[in-house]
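Structure below is protein_6.cif: mmCIF, C-alpha atoms.
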```
data_my_file
#
loop_
_atom_site.group_PDB
_atom_site.id
_atom_site.type_symbol
_atom_site.label_atom_id
_atom_site.label_comp_id
_atom_site.auth_asym_id
_atom_site.auth_seq_id
_atom_site.Cartn_x
_atom_site.Cartn_y
_atom_site.Cartn_z
ATOM 1 C CA PRO A 1093 103.646 -81.142 -47.609
ATOM 2 C CA VAL A 1094 101.068 -78.564 -48.712
ATOM 3 C CA ALA A 1095 100.944 -78.189 -52.444
ATOM 4 C CA LYS A 1096 100.392 -74.565 -53.533
ATOM 5 C CA LEU A 1097 100.230 -72.650 -56.737
ATOM 6 C CA THR A 1098 103.277 -70.595 -57.627
ATOM 7 C CA ALA A 1099 103.592 -67.702 -60.007
ATOM 8 C CA GLN A 1100 104.858 -68.717 -63.425
ATOM 9 C CA PRO A 1101 105.614 -66.663 -66.520
ATOM 10 C CA PRO A 1102 102.914 -66.676 -69.176
ATOM 11 C CA ARG A 1103 103.113 -69.749 -71.381
ATOM 12 C CA VAL A 1104 101.203 -70.984 -74.398
ATOM 13 C CA SER A 1105 99.424 -74.341 -74.002
ATOM 14 C CA GLY A 1106 98.762 -76.833 -76.760
ATOM 15 C CA ASP A 1107 95.494 -75.160 -77.767
ATOM 16 C CA GLY A 1108 97.183 -71.750 -78.068
ATOM 17 C CA MET A 1109 95.641 -70.179 -74.952
ATOM 18 C CA VAL A 1110 97.882 -68.018 -72.746
ATOM 19 C CA ALA A 1111 98.064 -69.139 -69.110
ATOM 20 C CA ILE A 1112 98.188 -65.850 -67.214
ATOM 21 C CA SER A 1113 99.611 -66.053 -63.707
ATOM 22 C CA ALA A 1114 97.703 -64.823 -60.689
ATOM 23 C CA ILE A 1115 100.368 -62.256 -59.822
ATOM 24 C CA SER A 1116 100.204 -60.695 -63.300
ATOM 25 C CA ILE A 1117 96.436 -60.335 -63.134
ATOM 26 C CA HIS A 1118 96.440 -58.824 -59.650
ATOM 27 C CA GLY A 1119 99.296 -56.510 -60.620
ATOM 28 C CA VAL A 1120 97.237 -55.199 -63.519
ATOM 29 C CA ALA A 1121 94.214 -54.858 -61.218
ATOM 30 C CA PHE A 1122 96.194 -52.833 -58.674
ATOM 31 C CA ALA A 1123 97.531 -50.557 -61.457
ATOM 32 C CA VAL A 1124 93.974 -50.006 -62.674
ATOM 33 C CA ALA A 1125 92.889 -49.178 -59.118
ATOM 34 C CA VAL A 1126 95.660 -46.575 -58.819
ATOM 35 C CA GLY A 1127 94.708 -45.010 -62.163
ATOM 36 C CA ALA A 1128 91.027 -45.023 -61.273
ATOM 37 C CA GLY A 1129 91.773 -43.338 -57.947
ATOM 38 C CA ARG A 1130 93.770 -40.559 -59.589
ATOM 39 C CA CYS A 1131 91.158 -40.024 -62.297
ATOM 40 C CA ALA A 1132 88.377 -39.871 -59.696
ATOM 41 C CA VAL A 1133 90.257 -37.171 -57.742
ATOM 42 C CA ARG A 1134 90.840 -35.064 -60.842
ATOM 43 C CA LEU A 1135 87.381 -35.465 -62.358
ATOM 44 C CA LEU A 1136 85.494 -34.929 -59.117
ATOM 45 C CA ASP A 1137 87.903 -32.237 -57.901
ATOM 46 C CA LEU A 1138 88.470 -34.031 -54.623
ATOM 47 C CA PRO A 1139 91.214 -33.305 -52.087
ATOM 48 C CA SER A 1140 94.527 -34.949 -52.863
ATOM 49 C CA ASP A 1141 94.510 -36.983 -49.647
ATOM 50 C CA SER A 1142 91.312 -38.770 -50.754
ATOM 51 C CA GLU A 1143 93.221 -40.392 -53.637
ATOM 52 C CA LEU A 1144 94.793 -42.964 -51.294
ATOM 53 C CA VAL A 1145 91.437 -43.736 -49.697
ATOM 54 C CA ILE A 1146 89.818 -44.417 -53.083
ATOM 55 C CA ILE A 1147 92.729 -46.613 -54.196
ATOM 56 C CA LEU A 1148 92.610 -48.658 -50.967
ATOM 57 C CA ALA A 1149 88.851 -49.061 -51.251
ATOM 58 C CA LEU A 1150 89.144 -50.347 -54.825
ATOM 59 C CA VAL A 1151 91.968 -52.744 -53.857
ATOM 60 C CA VAL A 1152 89.999 -54.119 -50.904
ATOM 61 C CA LEU A 1153 86.910 -54.576 -53.092
ATOM 62 C CA TRP A 1154 88.990 -56.421 -55.690
ATOM 63 C CA LEU A 1155 90.507 -58.702 -53.081
ATOM 64 C CA LEU A 1156 87.110 -59.490 -51.551
ATOM 65 C CA CYS A 1157 85.782 -60.481 -54.970
ATOM 66 C CA THR A 1158 88.775 -62.512 -56.143
ATOM 67 C CA VAL A 1159 90.516 -63.994 -53.077
ATOM 68 C CA GLN A 1160 89.148 -66.964 -51.151
ATOM 69 C CA ILE A 1161 90.460 -68.364 -47.863
ATOM 70 C CA LEU A 1162 89.675 -72.025 -47.178
ATOM 71 C CA ASP A 1163 89.846 -73.933 -43.921
ATOM 72 C CA ALA A 1164 90.537 -77.349 -45.485
ATOM 73 C CA HIS A 1165 91.377 -79.364 -42.377
ATOM 74 C CA GLY A 1166 90.896 -83.117 -42.734
ATOM 75 C CA TYR A 1167 90.493 -83.187 -46.511
ATOM 76 C CA ARG A 1168 92.281 -82.239 -49.724
ATOM 77 C CA VAL A 1169 91.424 -79.457 -52.155
ATOM 78 C CA MET A 1170 91.855 -79.469 -55.926
ATOM 79 C CA ILE A 1171 92.766 -76.100 -57.421
ATOM 80 C CA ARG A 1172 92.611 -75.216 -61.113
ATOM 81 C CA SER A 1173 93.291 -72.094 -63.123
ATOM 82 C CA ALA A 1174 90.731 -70.420 -65.345
ATOM 83 C CA PHE A 1175 93.271 -70.066 -68.170
ATOM 84 C CA SER A 1176 95.035 -73.425 -67.927
ATOM 85 C CA ASP A 1177 94.367 -77.176 -67.836
ATOM 86 C CA SER A 1178 96.787 -77.692 -64.948
ATOM 87 C CA ALA A 1179 95.572 -78.630 -61.470
ATOM 88 C CA LEU A 1180 97.132 -79.005 -58.036
ATOM 89 C CA LEU A 1181 96.116 -80.738 -54.806
ATOM 90 C CA CYS A 1182 96.418 -78.933 -51.512
ATOM 91 C CA ALA A 1183 96.911 -81.347 -48.638
ATOM 92 C CA GLY A 1184 94.605 -79.773 -46.084
ATOM 93 C CA GLY A 1185 95.106 -76.835 -43.729
ATOM 94 C CA GLY A 1186 94.558 -73.178 -44.544
ATOM 95 C CA VAL A 1187 94.544 -72.403 -48.266
ATOM 96 C CA ILE A 1188 94.445 -69.018 -49.989
ATOM 97 C CA VAL A 1189 93.117 -69.066 -53.547
ATOM 98 C CA ALA A 1190 93.238 -65.982 -55.771
ATOM 99 C CA TRP A 1191 91.551 -65.621 -59.125
ATOM 100 C CA PRO A 1192 92.102 -66.896 -61.847
ATOM 101 C CA GLU A 1193 92.749 -69.906 -59.617
ATOM 102 C CA TYR A 1194 89.631 -71.535 -58.171
ATOM 103 C CA VAL A 1195 88.622 -74.497 -56.013
ATOM 104 C CA VAL A 1196 87.144 -77.400 -57.972
ATOM 105 C CA ARG A 1197 83.712 -78.353 -56.647
ATOM 106 C CA ASP A 1198 82.618 -80.499 -59.592
ATOM 107 C CA ARG A 1199 82.686 -84.033 -58.155
ATOM 108 C CA ARG A 1200 83.055 -85.512 -61.633
ATOM 109 C CA GLN A 1201 86.693 -84.420 -61.519
ATOM 110 C CA PHE A 1202 87.371 -86.333 -58.287
ATOM 111 C CA GLY A 1203 87.962 -89.645 -60.087
ATOM 112 C CA PRO A 1204 87.427 -92.602 -57.693
ATOM 113 C CA TRP A 1205 86.022 -90.185 -55.098
ATOM 114 C CA SER A 1206 83.360 -88.757 -57.424
ATOM 115 C CA ARG A 1207 80.568 -89.849 -55.057
ATOM 116 C CA ARG A 1208 82.034 -87.895 -52.151
ATOM 117 C CA ASP A 1209 81.738 -84.176 -51.511
ATOM 118 C CA ARG A 1210 85.423 -83.852 -50.563
ATOM 119 C CA LEU A 1211 88.706 -85.500 -51.440
ATOM 120 C CA PRO A 1212 90.007 -87.601 -48.526
ATOM 121 C CA MET A 1213 93.443 -87.256 -47.002
ATOM 122 C CA PRO A 1214 96.074 -89.973 -47.602
ATOM 123 C CA ARG A 1215 96.342 -92.600 -44.839
ATOM 124 C CA GLN A 1216 92.780 -91.933 -43.717
ATOM 125 C CA VAL A 1217 90.739 -95.005 -42.745
ATOM 126 C CA LEU A 1218 87.433 -94.925 -44.582
ATOM 127 C CA GLU A 1219 84.308 -97.053 -44.604
ATOM 128 C CA VAL A 1220 82.835 -97.409 -48.081
ATOM 129 C CA ASP A 1221 79.179 -98.435 -48.264
ATOM 130 C CA VAL A 1222 78.780 -100.558 -51.386
ATOM 131 C CA PRO A 1223 75.456 -100.554 -53.291
ATOM 132 C CA LYS A 1224 73.270 -103.618 -52.811
ATOM 133 C CA ILE A 1225 74.162 -106.551 -55.057
ATOM 134 C CA ASP A 1226 71.655 -108.902 -56.723
ATOM 135 C CA VAL A 1227 73.135 -112.416 -56.760
ATOM 136 C CA PRO A 1228 71.421 -115.119 -58.904
ATOM 137 C CA VAL A 1229 71.407 -118.611 -57.354
ATOM 138 C CA ASP A 1230 70.152 -122.069 -58.315
ATOM 139 C CA ASN A 1231 71.269 -121.477 -61.939
ATOM 140 C CA GLY A 1232 69.418 -118.178 -62.099
ATOM 141 C CA LEU A 1233 66.080 -119.479 -60.828
ATOM 142 C CA TYR A 1234 66.194 -117.328 -57.679
ATOM 143 C CA CYS A 1235 67.940 -114.089 -56.748
ATOM 144 C CA LEU A 1236 69.310 -112.853 -53.410
ATOM 145 C CA ARG A 1237 70.141 -109.259 -52.470
ATOM 146 C CA VAL A 1238 73.322 -108.724 -50.451
ATOM 147 C CA ASN A 1239 74.387 -105.472 -48.770
ATOM 148 C CA THR A 1240 78.126 -105.169 -48.133
ATOM 149 C CA LYS A 1241 80.699 -102.608 -47.087
ATOM 150 C CA VAL A 1242 84.479 -102.348 -46.994
ATOM 151 C CA VAL A 1243 87.009 -100.634 -44.756
ATOM 152 C CA GLY A 1244 90.314 -99.482 -46.153
ATOM 153 C CA ILE A 1245 93.141 -96.961 -46.125
ATOM 154 C CA VAL A 1246 93.406 -94.051 -48.557
ATOM 155 C CA GLN A 1247 96.648 -94.192 -50.542
ATOM 156 C CA ASP A 1248 98.585 -91.183 -51.766
ATOM 157 C CA TYR A 1249 97.251 -89.997 -55.121
ATOM 158 C CA SER A 1250 97.856 -87.273 -57.664
ATOM 159 C CA VAL A 1251 95.746 -85.329 -60.115
ATOM 160 C CA LYS A 1252 96.798 -87.806 -62.822
ATOM 161 C CA ASP A 1253 95.483 -90.700 -60.703
ATOM 162 C CA LEU A 1254 92.126 -88.961 -60.421
ATOM 163 C CA THR A 1255 92.028 -88.293 -64.151
ATOM 164 C CA ASP A 1256 93.075 -91.823 -65.174
ATOM 165 C CA ASN A 1257 90.576 -93.541 -62.827
ATOM 166 C CA PRO A 1258 87.169 -91.927 -63.406
ATOM 167 C CA ILE A 1259 85.180 -94.938 -62.117
ATOM 168 C CA ALA A 1260 83.808 -94.329 -58.608
ATOM 169 C CA ILE A 1261 85.376 -96.552 -55.987
ATOM 170 C CA GLU A 1262 81.930 -97.736 -54.841
ATOM 171 C CA ILE A 1263 81.151 -99.011 -58.357
ATOM 172 C CA ARG A 1264 84.552 -100.668 -58.699
ATOM 173 C CA ILE A 1265 84.206 -102.508 -55.381
ATOM 174 C CA ASN A 1266 80.611 -103.417 -56.198
ATOM 175 C CA ASP A 1267 81.650 -105.027 -59.504
ATOM 176 C CA VAL A 1268 84.408 -107.116 -57.893
ATOM 177 C CA ILE A 1269 82.257 -108.365 -55.002
ATOM 178 C CA ALA A 1270 79.323 -109.092 -57.335
ATOM 179 C CA GLY A 1271 81.564 -111.152 -59.605
ATOM 180 C CA ALA A 1272 82.971 -113.156 -56.685
ATOM 181 C CA LEU A 1273 79.514 -113.846 -55.220
ATOM 182 C CA ARG A 1274 77.958 -114.880 -58.515
ATOM 183 C CA LYS A 1275 80.860 -117.188 -59.295
ATOM 184 C CA ALA A 1276 80.602 -118.831 -55.872
ATOM 185 C CA VAL A 1277 76.839 -119.466 -55.612
ATOM 186 C CA PHE A 1278 75.338 -119.367 -59.119
ATOM 187 C CA ASP A 1279 74.860 -123.165 -59.288
ATOM 188 C CA LYS A 1280 74.068 -123.665 -55.576
ATOM 189 C CA PRO A 1281 70.539 -124.334 -54.208
ATOM 190 C CA LEU A 1282 68.888 -121.457 -52.387
ATOM 191 C CA GLY A 1283 69.553 -122.641 -48.840
ATOM 192 C CA GLN A 1284 73.128 -123.675 -49.554
ATOM 193 C CA ALA A 1285 73.768 -120.395 -51.394
ATOM 194 C CA MET A 1286 72.909 -118.368 -48.290
ATOM 195 C CA VAL A 1287 75.375 -120.436 -46.269
ATOM 196 C CA GLU A 1288 78.055 -120.043 -48.955
ATOM 197 C CA ILE A 1289 77.658 -116.250 -48.969
ATOM 198 C CA GLN A 1290 78.151 -116.123 -45.207
ATOM 199 C CA GLN A 1291 81.200 -118.375 -45.467
ATOM 200 C CA LEU A 1292 82.646 -116.219 -48.238
ATOM 201 C CA PHE A 1293 82.666 -113.122 -46.034
ATOM 202 C CA LEU A 1294 83.887 -115.014 -42.970
ATOM 203 C CA LYS A 1295 86.684 -117.090 -44.523
ATOM 204 C CA ASP A 1296 87.471 -115.830 -48.030
ATOM 205 C CA ALA A 1297 87.206 -112.065 -47.473
ATOM 206 C CA ALA A 1298 90.972 -111.622 -47.882
ATOM 207 C CA SER A 1299 91.015 -113.276 -51.314
ATOM 208 C CA VAL A 1300 88.112 -111.116 -52.502
ATOM 209 C CA SER A 1301 89.754 -107.968 -51.110
ATOM 210 C CA SER A 1302 92.930 -108.729 -53.045
ATOM 211 C CA LEU A 1303 90.917 -108.499 -56.279
ATOM 212 C CA ILE A 1304 89.910 -104.892 -55.525
ATOM 213 C CA SER A 1305 92.666 -102.703 -56.948
ATOM 214 C CA THR A 1306 92.362 -98.936 -57.230
ATOM 215 C CA ALA A 1307 94.963 -96.221 -57.463
ATOM 216 C CA ALA A 1308 93.837 -94.418 -54.327
ATOM 217 C CA PHE A 1309 92.416 -96.994 -51.915
ATOM 218 C CA GLU A 1310 93.630 -100.198 -50.264
ATOM 219 C CA VAL A 1311 90.916 -102.495 -48.920
ATOM 220 C CA THR A 1312 91.721 -103.968 -45.505
ATOM 221 C CA GLN A 1313 88.373 -105.454 -44.460
ATOM 222 C CA LEU A 1314 85.368 -106.796 -46.348
ATOM 223 C CA MET A 1315 82.127 -107.548 -44.516
ATOM 224 C CA LEU A 1316 78.372 -107.798 -44.682
ATOM 225 C CA ASP A 1317 76.515 -104.725 -43.481
ATOM 226 C CA ALA A 1318 75.775 -105.245 -39.780
ATOM 227 C CA ASN A 1319 72.457 -103.391 -40.029
ATOM 228 C CA GLU A 1320 71.230 -105.379 -43.047
ATOM 229 C CA HIS A 1321 70.775 -109.051 -43.904
ATOM 230 C CA ILE A 1322 70.657 -111.240 -46.980
ATOM 231 C CA GLU A 1323 67.173 -110.798 -48.409
ATOM 232 C CA PRO A 1324 65.210 -112.075 -51.420
ATOM 233 C CA ALA A 1325 65.369 -109.846 -54.471
ATOM 234 C CA ASN A 1326 61.983 -110.844 -55.927
ATOM 235 C CA ALA A 1327 58.649 -112.453 -55.022
ATOM 236 C CA SER A 1328 59.528 -115.962 -56.231
ATOM 237 C CA THR A 1329 62.677 -116.036 -54.107
ATOM 238 C CA ARG A 1330 60.706 -114.799 -51.096
ATOM 239 C CA ALA A 1331 58.144 -117.578 -51.562
ATOM 240 C CA ALA A 1332 60.909 -120.181 -51.876
ATOM 241 C CA LEU A 1333 62.531 -118.873 -48.693
ATOM 242 C CA ASP A 1334 59.194 -119.096 -46.854
ATOM 243 C CA ILE A 1335 58.873 -122.742 -47.928
ATOM 244 C CA LEU A 1336 62.455 -123.369 -46.846
ATOM 245 C CA VAL A 1337 61.776 -121.844 -43.427
ATOM 246 C CA GLU A 1338 58.649 -123.994 -43.009
ATOM 247 C CA GLN A 1339 60.682 -127.086 -43.864
ATOM 248 C CA LYS A 1340 63.295 -126.126 -41.295
ATOM 249 C CA GLN A 1341 60.573 -125.619 -38.668
ATOM 250 C CA GLU A 1342 59.002 -128.972 -39.461
ATOM 251 C CA SER A 1343 62.409 -130.608 -39.246
ATOM 252 C CA ALA A 1344 62.990 -129.011 -35.851
ATOM 253 C CA LYS A 1345 59.596 -130.191 -34.593
ATOM 254 C CA ARG A 1346 60.345 -133.703 -35.834
ATOM 255 C CA CYS A 1347 63.672 -133.698 -34.013
ATOM 256 C CA VAL A 1348 61.942 -132.620 -30.778
ATOM 257 C CA LEU A 1349 59.315 -135.354 -31.198
ATOM 258 C CA GLU A 1350 61.958 -137.979 -31.855
ATOM 259 C CA ALA A 1351 63.868 -136.835 -28.797
ATOM 260 C CA SER A 1352 60.743 -137.087 -26.630
ATOM 261 C CA MET A 1353 60.030 -140.568 -27.991
ATOM 262 C CA GLU A 1354 63.568 -141.627 -27.175
ATOM 263 C CA THR A 1355 63.036 -140.298 -23.637
ATOM 264 C CA GLU A 1356 59.833 -142.309 -23.252
ATOM 265 C CA GLU A 1357 61.565 -145.416 -24.576
ATOM 266 C CA GLN A 1358 64.317 -144.910 -22.047
ATOM 267 C CA LYS A 1359 61.757 -144.632 -19.236
ATOM 268 C CA VAL A 1360 60.095 -147.870 -20.383
ATOM 269 C CA LYS A 1361 63.455 -149.626 -20.406
ATOM 270 C CA LEU A 1362 64.254 -148.385 -16.903
ATOM 271 C CA ARG A 1363 60.842 -149.530 -15.678
ATOM 272 C CA LYS A 1364 61.418 -152.910 -17.252
ATOM 273 C CA VAL A 1365 64.775 -153.245 -15.484
ATOM 274 C CA ALA A 1366 63.147 -152.281 -12.160
ATOM 275 C CA LEU A 1367 60.427 -154.902 -12.627
ATOM 276 C CA GLU A 1368 63.023 -157.525 -13.519
ATOM 277 C CA SER A 1369 64.901 -156.650 -10.341
ATOM 278 C CA GLN A 1370 61.738 -156.989 -8.248
ATOM 279 C CA ARG A 1371 60.950 -160.304 -9.898
ATOM 280 C CA SER A 1372 64.451 -161.607 -9.146
ATOM 281 C CA GLU A 1373 64.133 -160.517 -5.541
ATOM 282 C CA TYR A 1374 60.714 -162.230 -5.239
ATOM 283 C CA MET A 1375 62.101 -165.457 -6.717
ATOM 284 C CA MET A 1376 64.938 -165.364 -4.168
ATOM 285 C CA TRP A 1377 62.461 -164.996 -1.271
ATOM 286 C CA GLN A 1378 60.372 -167.780 -2.762
ATOM 287 C CA GLU A 1379 63.371 -170.097 -2.771
ATOM 288 C CA VAL A 1380 64.186 -169.255 0.864
ATOM 289 C CA PHE A 1381 60.718 -169.137 2.461
ATOM 290 C CA GLY A 1382 58.593 -170.888 -0.068
ATOM 291 C CA LYS A 1383 55.780 -169.491 -2.124
ATOM 292 C CA GLU A 1384 53.590 -168.496 0.847
ATOM 293 C CA GLY A 1385 56.496 -167.009 2.774
ATOM 294 C CA ALA A 1386 57.558 -164.940 -0.176
ATOM 295 C CA ALA A 1387 54.004 -163.614 -0.444
ATOM 296 C CA ILE A 1388 54.045 -162.697 3.245
ATOM 297 C CA VAL A 1389 57.399 -160.878 2.828
ATOM 298 C CA GLU A 1390 55.998 -158.825 -0.048
ATOM 299 C CA ALA A 1391 52.861 -158.039 1.934
ATOM 300 C CA SER A 1392 55.018 -157.003 4.890
ATOM 301 C CA LYS A 1393 56.947 -154.567 2.703
ATOM 302 C CA HIS A 1394 53.804 -152.962 1.349
ATOM 303 C CA ALA A 1395 52.212 -152.767 4.816
ATOM 304 C CA LYS A 1396 55.333 -151.147 6.253
ATOM 305 C CA VAL A 1397 55.322 -148.525 3.526
ATOM 306 C CA LEU A 1398 51.623 -147.890 4.109
ATOM 307 C CA TYR A 1399 52.052 -147.434 7.858
ATOM 308 C CA LEU A 1400 55.041 -145.159 7.424
ATOM 309 C CA SER A 1401 53.155 -143.018 4.953
ATOM 310 C CA LEU A 1402 50.201 -142.766 7.386
ATOM 311 C CA GLY A 1403 52.464 -141.768 10.297
ATOM 312 C CA SER A 1404 51.891 -144.905 12.393
ATOM 313 C CA GLY A 1405 54.381 -145.433 15.216
ATOM 314 C CA ALA A 1406 55.015 -149.140 14.593
ATOM 315 C CA ALA A 1407 54.633 -151.419 11.660
ATOM 316 C CA PRO A 1408 52.785 -154.764 11.988
ATOM 317 C CA THR A 1409 54.799 -157.926 12.461
ATOM 318 C CA TRP A 1410 54.349 -161.050 10.435
ATOM 319 C CA THR A 1411 55.159 -164.641 11.260
ATOM 320 C CA ILE A 1412 56.761 -166.442 8.411
ATOM 321 C CA PRO A 1413 55.956 -170.150 8.435
ATOM 322 C CA SER A 1414 58.868 -172.463 8.527
#
```

Taking this structure as input, can you express it in the form of structure tokens?
Amino acid sequence: PVAKLTAQPPRVSGDGMVAISAISIHGVAFAVAVGAGRCAVRLLDLPSDSELVIILALVVLWLLCTVQILDAHGYRVMIRSAFSDSALLCAGGGVIVAWPEYVVRDRRQFGPWSRRDRLPMPRQVLEVDVPKIDVPVDNGLYCLRVNTKVVGIVQDYSVKDLTDNPIAIEIRINDVIAGALRKAVFDKPLGQAMVEIQQLFLKDAASVSSLISTAAFEVTQLMLDANEHIEPANASTRAALDILVEQKQESAKRCVLEASMETEEQKVKLRKVALESQRSEYMMWQEVFGKEGAAIVEASKHAKVLYLSLGSGAAPTWTIPS
């Protein structure tokens, strides 16, 4: 439903100021316009029919100066009165505001939404970009910078909720995430801390999101910024990361070298098996044909291969002695 200001009788607030309704003020203004029109006709000796024209002109001028029409589609509007501390929220759509009522544009009065230009509508899905967080690791020796963001649903809120929660939602979320990260990786080494941070957002995001409680926003998703990455926050951390990367590269090279050595060892073993097989075959021929016959058989094999490789039509024949 659209909240709107209604005319109320004048009342005295706690500080003794009279809250004058918009209708009373505009009624007085219209009466003044009528009196001014009549006085202008009499003083300037104008025709009587010009009295209505002057009155209408003054009324239109008053309305142009004091009435504002807003096209507040997709966001809410806070309206206050110049003579009262009360405030109302209009839930989007077309809004007509007449002085002494006015639209609040001071973002400091928006409570959790003080960093936004407009108040969001309830049940809207918003993405909140959280400021970068400096996370100390390795017992404070190094420091990493993490950029995060959250996605959530705007809950229904009132003016009292905005007044009672002046901390910006970005700061509140930043404090909770920073506390969770520092608790998780403060005593971890640099390399392990980077892994732990990734794991925290992949596996424990729900538990961290449950710690974020605000009166106007429910977090549904917590994630690292897709366009950013975990980066060193100072020169010493950057140097340590460079050393860590070099160690990883050296480890990878060593693994490749060990793999190539294992491949060469496997080739040597296969060659050894092949030679053992040839030796067994030669010993078998030696037992059948004798030492000279076995030598002739081996020579015949090599000659046959040679002739075949040279394209000869027939291979030589050998006579094996009995």

If you take every atom of stretch 1177-1188 of chain A that the file lists and fit an axis-aligned box around them with 8 Å extra on each side, what centre and edge lengths come out in Å to one decimal, as AutoDock Vina command-line options?
```
--center_x 95.7 --center_y -75.2 --center_z -55.8 --size_x 18.8 --size_y 28.3 --size_z 40.1
```

Would you write out, as CSV, a table of all residues in stretch 1116-1208 of chain A that have an atom no more than 8 Å from an atom of stretch 1253-1263 of chain A, listing for each the closest atom pair and the distance in Å to one decimal, considering all atoms listed in the file and ordering rows by chain and rising residue number?
```
residue,atom,partner,partner_atom,distance
A:Arg1200,CA,A:Pro1258,CA,7.8
A:Gln1201,CA,A:Thr1255,CA,7.1
A:Phe1202,CA,A:Leu1254,CA,5.8
A:Gly1203,CA,A:Pro1258,CA,4.1
A:Pro1204,CA,A:Ala1260,CA,4.1
A:Trp1205,CA,A:Ala1260,CA,5.9
A:Ser1206,CA,A:Ala1260,CA,5.7
A:Arg1207,CA,A:Ala1260,CA,6.6
```

Next on the checklist: I'd like the interatomic distance between atom CA of A:Asp1267 and atom CA of A:Leu1181, to a tenth of an Å.
Outcome noted: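 Separation of atom CA of A:Asp1267 and atom CA of A:Leu1181: 28.7 Å.
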
Item to check | Nearest to A:His1321, chosen from A:Ala1344, A:Met1286, A:Val1360, A:Ala1270, with all atoms listed in the file counted in the distances | outcome: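 Between A:Ala1344, A:Met1286, A:Val1360, A:Ala1270, the residue approaching A:His1321 most closely is A:Met1286.
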
Next on the checklist: I'd like the residues picked by the PyMOL selection byres ((chain A and resi 1155) around 12) written out as a list in words, using the chain letters and numbers from the file.
Outcome noted: Ile1117, His1118, Gly1119, Ala1121, Phe1122, Ala1125, Leu1148, Ala1149, Leu1150, Val1151, Val1152, Leu1153, Trp1154, Leu1156, Cys1157, Thr1158, Val1159, Gln1160, Ile1161, Ile1188, Val1189, Ala1190 and Trp1191 of chain A

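Atom CA of A:Ala1307 sits 23.4 Å away from atom CA of A:Lys1224.
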